[in-house]
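A.B. asks: Dropping in model_16.pdb, with PDB, C-alpha atoms.
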```pdb
MODEL        1
ATOM      1  CA  ASP A  55     114.254 108.631 146.682
ATOM      2  CA  THR A  56     115.632 111.445 144.556
ATOM      3  CA  GLY A  57     118.747 109.685 143.277
ATOM      4  CA  VAL A  58     119.572 108.702 139.702
ATOM      5  CA  SER A  59     117.196 106.032 138.450
ATOM      6  CA  GLN A  60     117.958 103.579 135.646
ATOM      7  CA  ASN A  61     115.611 101.157 133.949
ATOM      8  CA  PRO A  62     115.624  98.299 133.383
ATOM      9  CA  ARG A  63     118.108  96.889 135.920
ATOM     10  CA  HIS A  64     118.783  93.866 133.747
ATOM     11  CA  LYS A  65     118.290  93.193 130.058
ATOM     12  CA  ILE A  66     118.965  89.949 128.227
ATOM     13  CA  THR A  67     118.713  90.125 124.477
ATOM     14  CA  LYS A  68     119.687  88.105 121.446
ATOM     15  CA  ARG A  69     122.426  89.260 119.152
ATOM     16  CA  GLY A  70     121.103  91.541 116.454
ATOM     17  CA  GLN A  71     118.224  92.935 118.499
ATOM     18  CA  ASN A  72     117.862  96.592 119.469
ATOM     19  CA  VAL A  73     117.726  97.663 123.103
ATOM     20  CA  THR A  74     116.913 100.945 124.811
ATOM     21  CA  PHE A  75     117.798 102.012 128.339
ATOM     22  CA  ARG A  76     116.386 104.917 130.276
ATOM     23  CA  CYS A  77     117.986 107.198 132.852
ATOM     24  CA  ASP A  78     116.214 109.691 135.101
ATOM     25  CA  PRO A  79     118.785 112.025 136.650
ATOM     26  CA  ILE A  80     118.556 113.992 139.866
ATOM     27  CA  SER A  81     115.989 116.640 138.976
ATOM     28  CA  GLU A  82     118.056 119.769 139.486
ATOM     29  CA  HIS A  83     121.129 118.401 137.690
ATOM     30  CA  ASN A  84     121.835 119.853 134.271
ATOM     31  CA  ARG A  85     124.523 117.375 133.185
ATOM     32  CA  LEU A  86     123.892 113.740 132.369
ATOM     33  CA  TYR A  87     126.552 111.159 131.546
ATOM     34  CA  TRP A  88     126.572 107.633 130.156
ATOM     35  CA  TYR A  89     129.346 105.193 131.008
ATOM     36  CA  ARG A  90     129.965 101.534 130.270
ATOM     37  CA  GLN A  91     131.677  99.181 132.699
ATOM     38  CA  THR A  92     132.996  95.698 132.043
ATOM     39  CA  LEU A  93     134.382  93.219 134.545
ATOM     40  CA  GLY A  94     137.636  94.350 136.115
ATOM     41  CA  GLN A  95     137.522  97.778 134.531
ATOM     42  CA  GLY A  96     136.479 101.211 135.656
ATOM     43  CA  PRO A  97     133.593 103.083 134.092
ATOM     44  CA  GLU A  98     134.411 104.067 130.486
ATOM     45  CA  PHE A  99     133.039 107.381 129.295
ATOM     46  CA  LEU A 100     130.542 107.182 126.434
ATOM     47  CA  THR A 101     128.842 110.563 126.167
ATOM     48  CA  TYR A 102     127.422 113.462 128.128
ATOM     49  CA  PHE A 103     124.724 116.091 127.855
ATOM     50  CA  GLN A 104     124.417 119.548 129.262
ATOM     51  CA  ASN A 105     120.677 120.138 129.345
ATOM     52  CA  GLU A 106     119.484 118.763 125.991
ATOM     53  CA  ALA A 107     122.758 119.334 124.120
ATOM     54  CA  GLN A 108     125.055 116.367 123.583
ATOM     55  CA  LEU A 109     128.477 117.929 124.150
ATOM     56  CA  GLU A 110     130.889 115.051 123.748
ATOM     57  CA  LYS A 111     130.913 111.514 122.403
ATOM     58  CA  SER A 112     133.638 108.955 122.987
ATOM     59  CA  ARG A 113     135.080 107.017 120.080
ATOM     60  CA  LEU A 114     133.759 103.985 121.971
ATOM     61  CA  LEU A 115     130.306 105.133 120.908
ATOM     62  CA  SER A 116     130.000 103.447 117.519
ATOM     63  CA  ASP A 117     127.264 104.358 115.052
ATOM     64  CA  ARG A 118     125.128 101.568 116.525
ATOM     65  CA  PHE A 119     124.843 103.595 119.722
ATOM     66  CA  SER A 120     122.692 106.687 120.052
ATOM     67  CA  ALA A 121     121.793 108.743 123.091
ATOM     68  CA  GLU A 122     119.160 111.407 123.471
ATOM     69  CA  ARG A 123     118.011 113.813 126.109
ATOM     70  CA  PRO A 124     115.133 115.514 124.309
ATOM     71  CA  LYS A 125     113.833 117.819 127.015
ATOM     72  CA  GLY A 126     116.922 118.131 129.140
ATOM     73  CA  SER A 127     115.493 115.775 131.741
ATOM     74  CA  PHE A 128     115.563 111.972 131.253
ATOM     75  CA  SER A 129     117.857 110.347 128.723
ATOM     76  CA  THR A 130     117.741 107.200 126.612
ATOM     77  CA  LEU A 131     120.617 105.122 125.275
ATOM     78  CA  GLU A 132     119.800 102.886 122.331
ATOM     79  CA  ILE A 133     121.998 100.133 120.957
ATOM     80  CA  GLN A 134     121.070  98.828 117.536
ATOM     81  CA  ARG A 135     122.006  95.400 116.178
ATOM     82  CA  THR A 136     123.504  94.325 119.496
ATOM     83  CA  GLU A 137     126.704  92.270 119.531
ATOM     84  CA  GLN A 138     128.062  90.004 122.259
ATOM     85  CA  GLY A 139     130.791  92.574 122.918
ATOM     86  CA  ASP A 140     128.089  95.025 123.998
ATOM     87  CA  SER A 141     127.477  92.947 127.131
ATOM     88  CA  ALA A 142     128.361  95.243 130.025
ATOM     89  CA  MET A 143     126.942  97.374 132.802
ATOM     90  CA  TYR A 144     125.656 100.679 131.449
ATOM     91  CA  LEU A 145     125.853 103.421 134.053
ATOM     92  CA  CYS A 146     124.172 106.785 134.038
ATOM     93  CA  ALA A 147     125.282 109.684 136.199
ATOM     94  CA  SER A 148     124.250 113.277 136.698
ATOM     95  CA  SER A 149     125.793 116.399 138.128
ATOM     96  CA  SER A 150     125.251 120.110 138.441
ATOM     97  CA  VAL A 151     127.940 122.399 137.064
ATOM     98  CA  ILE A 152     126.374 125.510 138.502
ATOM     99  CA  GLY A 153     128.837 126.865 141.047
ATOM    100  CA  GLY A 154     131.848 124.920 139.805
ATOM    101  CA  ASN A 155     133.082 121.348 140.014
ATOM    102  CA  SER A 156     130.772 118.792 141.527
ATOM    103  CA  PRO A 157     130.838 115.003 141.763
ATOM    104  CA  LEU A 158     128.873 112.708 139.504
ATOM    105  CA  HIS A 159     126.023 110.831 141.133
ATOM    106  CA  PHE A 160     125.532 107.397 139.629
ATOM    107  CA  GLY A 161     122.521 105.178 139.226
ATOM    108  CA  ASN A 162     122.720 101.449 139.872
ATOM    109  CA  GLY A 163     123.136 100.693 136.194
ATOM    110  CA  THR A 164     121.515  98.496 133.574
ATOM    111  CA  ARG A 165     123.249  95.174 133.072
ATOM    112  CA  LEU A 166     123.039  94.082 129.446
ATOM    113  CA  THR A 167     123.664  90.491 128.409
ATOM    114  CA  VAL A 168     123.744  89.741 124.695
ATOM    115  CA  THR A 169     123.399  86.043 123.897
TER     116      THR A 169
ATOM    117  CA  ASP B 255     143.888 105.926 126.155
ATOM    118  CA  GLN B 256     144.271 105.298 129.873
ATOM    119  CA  GLN B 257     144.488 108.773 131.302
ATOM    120  CA  VAL B 258     143.839 107.578 134.859
ATOM    121  CA  LYS B 259     145.650 104.531 136.183
ATOM    122  CA  GLN B 260     145.327 102.464 139.313
ATOM    123  CA  ASN B 261     148.187 100.005 139.200
ATOM    124  CA  SER B 262     147.183  97.887 142.180
ATOM    125  CA  PRO B 263     144.157  95.722 141.427
ATOM    126  CA  SER B 264     143.848  94.658 145.061
ATOM    127  CA  LEU B 265     144.890  95.594 148.578
ATOM    128  CA  SER B 266     144.394  93.736 151.842
ATOM    129  CA  VAL B 267     144.822  95.374 155.252
ATOM    130  CA  GLN B 268     144.057  94.523 158.850
ATOM    131  CA  GLU B 269     141.198  96.252 160.633
ATOM    132  CA  GLY B 270     142.411  99.361 162.444
ATOM    133  CA  ARG B 271     145.406  99.867 160.168
ATOM    134  CA  ILE B 272     145.842 102.453 157.428
ATOM    135  CA  SER B 273     144.730 101.722 153.851
ATOM    136  CA  ILE B 274     146.542 103.655 151.125
ATOM    137  CA  LEU B 275     145.172 103.540 147.613
ATOM    138  CA  ASN B 276     147.134 105.118 144.784
ATOM    139  CA  CYS B 277     146.287 106.628 141.423
ATOM    140  CA  ASP B 278     148.308 108.242 138.628
ATOM    141  CA  TYR B 279     147.075 110.424 135.801
ATOM    142  CA  THR B 280     148.583 111.707 132.587
ATOM    143  CA  ASN B 281     146.404 114.608 131.480
ATOM    144  CA  SER B 282     147.673 117.902 132.923
ATOM    145  CA  MET B 283     144.319 119.517 132.088
ATOM    146  CA  PHE B 284     142.582 117.596 134.868
ATOM    147  CA  ASP B 285     141.594 120.035 137.621
ATOM    148  CA  TYR B 286     139.234 118.037 139.824
ATOM    149  CA  PHE B 287     139.931 114.644 141.340
ATOM    150  CA  LEU B 288     137.634 112.235 143.126
ATOM    151  CA  TRP B 289     137.438 108.861 144.798
ATOM    152  CA  TYR B 290     134.439 106.593 144.463
ATOM    153  CA  LYS B 291     133.530 103.428 146.307
ATOM    154  CA  LYS B 292     131.594 100.619 144.686
ATOM    155  CA  TYR B 293     129.753  97.645 146.142
ATOM    156  CA  PRO B 294     128.549  94.755 143.946
ATOM    157  CA  ALA B 295     125.312  95.395 142.041
ATOM    158  CA  GLU B 296     125.408  99.110 142.848
ATOM    159  CA  GLY B 297     126.678 102.149 141.013
ATOM    160  CA  PRO B 298     129.804 103.938 142.258
ATOM    161  CA  THR B 299     129.222 106.171 145.270
ATOM    162  CA  PHE B 300     131.083 109.444 145.672
ATOM    163  CA  LEU B 301     133.486 109.441 148.618
ATOM    164  CA  ILE B 302     135.761 112.482 148.585
ATOM    165  CA  SER B 303     137.173 114.998 146.121
ATOM    166  CA  ILE B 304     139.948 117.542 145.770
ATOM    167  CA  SER B 305     140.463 120.522 143.527
ATOM    168  CA  SER B 306     143.788 121.053 141.790
ATOM    169  CA  ILE B 307     144.400 124.202 143.851
ATOM    170  CA  LYS B 308     144.714 122.097 147.006
ATOM    171  CA  ASP B 309     147.044 119.285 147.993
ATOM    172  CA  LYS B 310     145.013 117.700 150.775
ATOM    173  CA  ASN B 311     141.376 117.251 151.697
ATOM    174  CA  GLU B 312     140.131 115.422 154.756
ATOM    175  CA  ASP B 313     136.704 114.043 155.637
ATOM    176  CA  GLY B 314     136.575 111.958 158.777
ATOM    177  CA  ARG B 315     138.598 108.788 158.287
ATOM    178  CA  PHE B 316     139.251 109.613 154.619
ATOM    179  CA  THR B 317     142.019 111.900 153.352
ATOM    180  CA  VAL B 318     142.902 112.538 149.735
ATOM    181  CA  PHE B 319     146.352 113.803 148.790
ATOM    182  CA  LEU B 320     147.232 115.391 145.455
ATOM    183  CA  ASN B 321     150.770 115.744 144.102
ATOM    184  CA  LYS B 322     150.385 117.743 140.901
ATOM    185  CA  SER B 323     154.046 117.671 139.930
ATOM    186  CA  ALA B 324     154.024 113.873 140.087
ATOM    187  CA  LYS B 325     150.483 113.636 138.702
ATOM    188  CA  HIS B 326     149.666 111.358 141.608
ATOM    189  CA  LEU B 327     146.639 111.020 143.837
ATOM    190  CA  SER B 328     146.200 108.892 146.932
ATOM    191  CA  LEU B 329     143.425 108.007 149.352
ATOM    192  CA  HIS B 330     144.198 107.236 152.997
ATOM    193  CA  ILE B 331     141.660 105.475 155.180
ATOM    194  CA  VAL B 332     142.467 105.528 158.900
ATOM    195  CA  PRO B 333     141.472 103.450 160.747
ATOM    196  CA  SER B 334     140.301 100.877 158.226
ATOM    197  CA  GLN B 335     137.082  99.019 159.014
ATOM    198  CA  PRO B 336     135.649  95.795 157.543
ATOM    199  CA  GLY B 337     132.776  97.835 156.076
ATOM    200  CA  ASP B 338     135.319  99.694 153.949
ATOM    201  CA  SER B 339     135.824  96.526 151.892
ATOM    202  CA  ALA B 340     134.791  97.488 148.351
ATOM    203  CA  VAL B 341     136.244  98.482 145.004
ATOM    204  CA  TYR B 342     137.653 102.010 144.986
ATOM    205  CA  PHE B 343     137.891 104.043 141.781
ATOM    206  CA  CYS B 344     139.825 107.231 141.356
ATOM    207  CA  ALA B 345     138.522 109.711 138.820
ATOM    208  CA  ALA B 346     139.751 112.924 137.240
ATOM    209  CA  SER B 347     137.904 115.620 135.411
ATOM    210  CA  ALA B 348     138.671 118.431 133.006
ATOM    211  CA  ASP B 349     135.235 118.532 131.405
ATOM    212  CA  ASP B 350     134.093 114.942 131.234
ATOM    213  CA  MET B 351     135.264 112.544 133.943
ATOM    214  CA  ARG B 352     137.663 109.607 133.499
ATOM    215  CA  PHE B 353     138.075 106.668 135.818
ATOM    216  CA  GLY B 354     140.815 104.267 136.795
ATOM    217  CA  ALA B 355     140.320 100.504 136.665
ATOM    218  CA  GLY B 356     139.760 100.243 140.412
ATOM    219  CA  THR B 357     141.448  98.710 143.449
ATOM    220  CA  ARG B 358     139.646  96.058 145.470
ATOM    221  CA  LEU B 359     140.194  96.766 149.157
ATOM    222  CA  THR B 360     139.699  93.992 151.678
ATOM    223  CA  VAL B 361     139.798  94.902 155.347
ATOM    224  CA  LYS B 362     140.226  91.827 157.517
ATOM    225  CA  PRO B 363     138.785  91.739 161.043
TER     226      PRO B 363
ENDMDL
END
```
Take the structure in this file and express it as structure tokens.

C.D. replies:
Amino acid sequence: DTGVSQNPRHKITKRGQNVTFRCDPISEHNRLYWYRQTLGQGPEFLTYFQNEAQLEKSRLLSDRFSAERPKGSFSTLEIQRTEQGDSAMYLCASSSVIGGNSPLHFGNGTRLTVT
Amino acid sequence: DQQVKQNSPSLSVQEGRISILNCDYTNSMFDYFLWYKKYPAEGPTFLISISSIKDKNEDGRFTVFLNKSAKHLSLHIVPSQPGDSAVYFCAASADDMRFGAGTRLTVKP
């Protein structure tokens, strides 16, 4: 399977703990995106990378959130000092911008529950 | 800031009939529009897209229409099948991609 892979699928943590999620994009894709989705809402943009460069960050991405893509391949999203409001599905997607517009391909997400 | 809006949270149609899902956007910089389908416990799956230079794109039972002057996008599914029951998101892109809140489609046998 060469789709977008996200790990873990589920994470339950206590408030105040740090969590880290990993995303492995489709190998030939140079763009990688992070979104957050809560019940009844569409995916909300958090940030995206082109290769290893982080090009845009949403104002939703508070200073407790940090994302990296050190070698332009996999990416990690870390949330420090988690709060109950961080409970959501965190989605990763990738795309290739070579040749023009192309759709995002999503992974199955990491569901975070903060207790 | 809700730049992409889907005003109907749900839609129910009979099998074999047409399903029409609607979407409005506010950002005139958007130049690429897409529809995604989502099943529970899965990520959104790309369905069909359209560039701003076109007003219609068709792929089998799915057709997307774009009205740039009205900043309106729609997805037609003909004929609708029970397996089409899912949540449908419209999305629009200038550089990053923004999504609507989704419409839950139920196709009844």

A.B. asks: Residues of chain B that have any atom at most 12 Å from an atom of chain A: could you tabulate them with the shortest-distance atom pair and the distance in Å to one decimal, using all atoms listed in the file, ordered by chain and increasing number, as a Markdown table?

C.D. replies:
```
| residue | atom | partner | partner_atom | distance |
| --- | --- | --- | --- | --- |
| B:Asp255 | CA | A:Glu98 | CA | 10.6 |
| B:Gln256 | CA | A:Glu98 | CA | 10.0 |
| B:Gln257 | CA | A:Glu98 | CA | 11.2 |
| B:Val258 | CA | A:Gly96 | CA | 9.8 |
| B:Lys259 | CA | A:Gly96 | CA | 9.8 |
| B:Gln260 | CA | A:Gly96 | CA | 9.7 |
| B:Asn261 | CA | A:Gln95 | CA | 11.9 |
| B:Ser262 | CA | A:Gly94 | CA | 11.9 |
| B:Pro263 | CA | A:Gly94 | CA | 8.5 |
| B:Ser264 | CA | A:Gly94 | CA | 10.9 |
| B:Phe284 | CA | A:Asn155 | CA | 11.4 |
| B:Asp285 | CA | A:Asn155 | CA | 8.9 |
| B:Tyr286 | CA | A:Asn155 | CA | 7.0 |
| B:Phe287 | CA | A:Pro157 | CA | 9.1 |
| B:Leu288 | CA | A:Pro157 | CA | 7.5 |
| B:Trp289 | CA | A:Pro157 | CA | 9.5 |
| B:Tyr290 | CA | A:Pro157 | CA | 9.5 |
| B:Lys291 | CA | A:Phe160 | CA | 11.1 |
| B:Lys292 | CA | A:Asn162 | CA | 10.1 |
| B:Tyr293 | CA | A:Asn162 | CA | 10.2 |
| B:Pro294 | CA | A:Asn162 | CA | 9.8 |
| B:Ala295 | CA | A:Asn162 | CA | 6.9 |
| B:Glu296 | CA | A:Asn162 | CA | 4.6 |
| B:Gly297 | CA | A:Asn162 | CA | 4.2 |
| B:Pro298 | CA | A:Phe160 | CA | 6.1 |
| B:Thr299 | CA | A:Phe160 | CA | 6.9 |
| B:Phe300 | CA | A:Pro157 | CA | 6.8 |
| B:Leu301 | CA | A:Pro157 | CA | 9.2 |
| B:Ile302 | CA | A:Pro157 | CA | 8.8 |
| B:Ser303 | CA | A:Pro157 | CA | 7.7 |
| B:Ile304 | CA | A:Asn155 | CA | 9.7 |
| B:Ser305 | CA | A:Asn155 | CA | 8.2 |
| B:Ser306 | CA | A:Asn155 | CA | 10.9 |
| B:Val341 | CA | A:Gly96 | CA | 9.7 |
| B:Tyr342 | CA | A:Gly96 | CA | 9.4 |
| B:Phe343 | CA | A:Gly96 | CA | 6.9 |
| B:Cys344 | CA | A:Gly96 | CA | 8.9 |
| B:Ala345 | CA | A:Gly96 | CA | 9.3 |
| B:Ala346 | CA | A:Pro157 | CA | 10.2 |
| B:Ser347 | CA | A:Asn155 | CA | 8.8 |
| B:Ala348 | CA | A:Asn155 | CA | 9.4 |
| B:Asp349 | CA | A:Asn155 | CA | 9.3 |
| B:Asp350 | CA | A:Tyr102 | CA | 7.5 |
| B:Met351 | CA | A:Phe99 | CA | 7.3 |
| B:Arg352 | CA | A:Phe99 | CA | 6.6 |
| B:Phe353 | CA | A:Gly96 | CA | 5.7 |
| B:Gly354 | CA | A:Gly96 | CA | 5.4 |
| B:Ala355 | CA | A:Gly96 | CA | 4.0 |
| B:Gly356 | CA | A:Gly96 | CA | 5.9 |
| B:Thr357 | CA | A:Gly94 | CA | 9.3 |
| B:Arg358 | CA | A:Gly94 | CA | 9.7 |
```

A.B. asks: Those same residues - C-alpha atoms - I'd like them written as a PDB file, in the coordinates of the input.

C.D. replies:
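And here is the file that came out, part_8.pdb:
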```pdb
ATOM      1  CA  ASP B 255     143.888 105.926 126.155  1.00  0.00           C
ATOM      2  CA  GLN B 256     144.271 105.298 129.873  1.00  0.00           C
ATOM      3  CA  GLN B 257     144.488 108.773 131.302  1.00  0.00           C
ATOM      4  CA  VAL B 258     143.839 107.578 134.859  1.00  0.00           C
ATOM      5  CA  LYS B 259     145.650 104.531 136.183  1.00  0.00           C
ATOM      6  CA  GLN B 260     145.327 102.464 139.313  1.00  0.00           C
ATOM      7  CA  ASN B 261     148.187 100.005 139.200  1.00  0.00           C
ATOM      8  CA  SER B 262     147.183  97.887 142.180  1.00  0.00           C
ATOM      9  CA  PRO B 263     144.157  95.722 141.427  1.00  0.00           C
ATOM     10  CA  SER B 264     143.848  94.658 145.061  1.00  0.00           C
ATOM     11  CA  PHE B 284     142.582 117.596 134.868  1.00  0.00           C
ATOM     12  CA  ASP B 285     141.594 120.035 137.621  1.00  0.00           C
ATOM     13  CA  TYR B 286     139.234 118.037 139.824  1.00  0.00           C
ATOM     14  CA  PHE B 287     139.931 114.644 141.340  1.00  0.00           C
ATOM     15  CA  LEU B 288     137.634 112.235 143.126  1.00  0.00           C
ATOM     16  CA  TRP B 289     137.438 108.861 144.798  1.00  0.00           C
ATOM     17  CA  TYR B 290     134.439 106.593 144.463  1.00  0.00           C
ATOM     18  CA  LYS B 291     133.530 103.428 146.307  1.00  0.00           C
ATOM     19  CA  LYS B 292     131.594 100.619 144.686  1.00  0.00           C
ATOM     20  CA  TYR B 293     129.753  97.645 146.142  1.00  0.00           C
ATOM     21  CA  PRO B 294     128.549  94.755 143.946  1.00  0.00           C
ATOM     22  CA  ALA B 295     125.312  95.395 142.041  1.00  0.00           C
ATOM     23  CA  GLU B 296     125.408  99.110 142.848  1.00  0.00           C
ATOM     24  CA  GLY B 297     126.678 102.149 141.013  1.00  0.00           C
ATOM     25  CA  PRO B 298     129.804 103.938 142.258  1.00  0.00           C
ATOM     26  CA  THR B 299     129.222 106.171 145.270  1.00  0.00           C
ATOM     27  CA  PHE B 300     131.083 109.444 145.672  1.00  0.00           C
ATOM     28  CA  LEU B 301     133.486 109.441 148.618  1.00  0.00           C
ATOM     29  CA  ILE B 302     135.761 112.482 148.585  1.00  0.00           C
ATOM     30  CA  SER B 303     137.173 114.998 146.121  1.00  0.00           C
ATOM     31  CA  ILE B 304     139.948 117.542 145.770  1.00  0.00           C
ATOM     32  CA  SER B 305     140.463 120.522 143.527  1.00  0.00           C
ATOM     33  CA  SER B 306     143.788 121.053 141.790  1.00  0.00           C
ATOM     34  CA  VAL B 341     136.244  98.482 145.004  1.00  0.00           C
ATOM     35  CA  TYR B 342     137.653 102.010 144.986  1.00  0.00           C
ATOM     36  CA  PHE B 343     137.891 104.043 141.781  1.00  0.00           C
ATOM     37  CA  CYS B 344     139.825 107.231 141.356  1.00  0.00           C
ATOM     38  CA  ALA B 345     138.522 109.711 138.820  1.00  0.00           C
ATOM     39  CA  ALA B 346     139.751 112.924 137.240  1.00  0.00           C
ATOM     40  CA  SER B 347     137.904 115.620 135.411  1.00  0.00           C
ATOM     41  CA  ALA B 348     138.671 118.431 133.006  1.00  0.00           C
ATOM     42  CA  ASP B 349     135.235 118.532 131.405  1.00  0.00           C
ATOM     43  CA  ASP B 350     134.093 114.942 131.234  1.00  0.00           C
ATOM     44  CA  MET B 351     135.264 112.544 133.943  1.00  0.00           C
ATOM     45  CA  ARG B 352     137.663 109.607 133.499  1.00  0.00           C
ATOM     46  CA  PHE B 353     138.075 106.668 135.818  1.00  0.00           C
ATOM     47  CA  GLY B 354     140.815 104.267 136.795  1.00  0.00           C
ATOM     48  CA  ALA B 355     140.320 100.504 136.665  1.00  0.00           C
ATOM     49  CA  GLY B 356     139.760 100.243 140.412  1.00  0.00           C
ATOM     50  CA  THR B 357     141.448  98.710 143.449  1.00  0.00           C
ATOM     51  CA  ARG B 358     139.646  96.058 145.470  1.00  0.00           C
TER      52      ARG B 358
END
```

A.B. asks: Could you tell me, as a list in words, exactly which residues end up selected when the PyMOL selection byres ((chain B and resi 270) around 6) is applied to this structure?

C.D. replies: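 On the file shown, the PyMOL selection byres ((chain B and resi 270) around 6) covers Glu269, Arg271, Pro333 and Ser334 of chain B.
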
A.B. asks: For A:Gly139, which residue out of A:Gln60, A:Thr167, A:Gln71, A:Asn84 is the nearest one, using all atoms listed in the file?

C.D. replies: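 Closest candidate: A:Thr167.
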
A.B. asks: Would you kindly translate the PyMOL selection byres ((chain B and resi 338) around 9) into the concrete residues it picks from this file, as an MDAnalysis selection string?

C.D. replies: chainID B and resid 291 331 334:337 339:340 359:361

A.B. asks: Please, what distance in Å, to one decimal, runs between atom CA of A:Ile66 and atom CA of A:Glu122?

C.D. replies: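 Pair atom CA of A:Ile66 / atom CA of A:Glu122 returns 22.0 Å.
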
A.B. asks: Identify, on the basis of all atoms listed in the file, every residue whose closest approach to A:Ala121 does not exceed 8 Å; exclude the query and any residue fewer than 3 positions from it along the same chain; express the result as a PyMOL selection string.

C.D. replies: chain A and resi 101+129-132

A.B. asks: For a test of reading the model, state the distance in Å between atom CA of A:Ile80 and atom CA of B:Asp313, rounded to one decimal.

C.D. replies: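 Atom CA of A:Ile80 sits 24.0 Å away from atom CA of B:Asp313.
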
A.B. asks: Pick the closest to A:Thr74 from A:Thr56, A:Asn105, A:Gln134, A:Ser116: which is it, counting all atoms listed in the file?

C.D. replies: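 Smallest separation from A:Thr74 among the options: A:Gln134.
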
A.B. asks: Calculated over all atoms listed in the file, which of the candidates A:Asp117, A:Thr136, A:Ser150, A:Ala107 has the smallest distance to A:Glu82?

C.D. replies: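 The answer is A:Ser150, which sits nearest to A:Glu82.
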
A.B. asks: So what do you get for atom CA of A:Asp140 versus atom CA of A:Arg118, distance-wise?

C.D. replies: 10.4 Å

A.B. asks: Which residues would end up in the selection if the PyMOL selection byres ((chain B and resi 275) around 6) were applied here, given that I need the answer as a list of chain:residue names?

C.D. replies: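 Taken on the displayed file, the PyMOL selection byres ((chain B and resi 275) around 6) yields the residues B:Ile274, B:Asn276, B:Ser328, B:Leu329.
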
A.B. asks: Write the residues of the preceding selection, restricted to C-alpha atoms, as a PDB file, in the coordinates of the input.

C.D. replies:
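Contents of out_19.pdb, as written:
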```
ATOM      1  CA  ILE B 274     146.542 103.655 151.125  1.00  0.00           C
ATOM      2  CA  ASN B 276     147.134 105.118 144.784  1.00  0.00           C
ATOM      3  CA  SER B 328     146.200 108.892 146.932  1.00  0.00           C
ATOM      4  CA  LEU B 329     143.425 108.007 149.352  1.00  0.00           C
TER       5      LEU B 329
END
```

A.B. asks: Could you tell me which of B:Val332, B:Met283, B:Ile272, B:Pro363 comes closest to B:Arg315 if we count only C-alpha atoms?

C.D. replies: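 Ranking B:Val332, B:Met283, B:Ile272, B:Pro363 by distance to B:Arg315, first place goes to B:Val332.
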
A.B. asks: Pick out the closest residue to B:Asn311 from this set: B:His330, B:Ala324, B:Leu265, B:Ser273. Count all atoms listed in the file.

C.D. replies: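 Nearest to B:Asn311: B:His330.
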
A.B. asks: Considering all atoms listed in the file, state which residue in the set B:Lys362, B:Lys322, B:Gln268, B:Ser282 is at the smallest distance from B:Lys310.

C.D. replies: B:Lys322
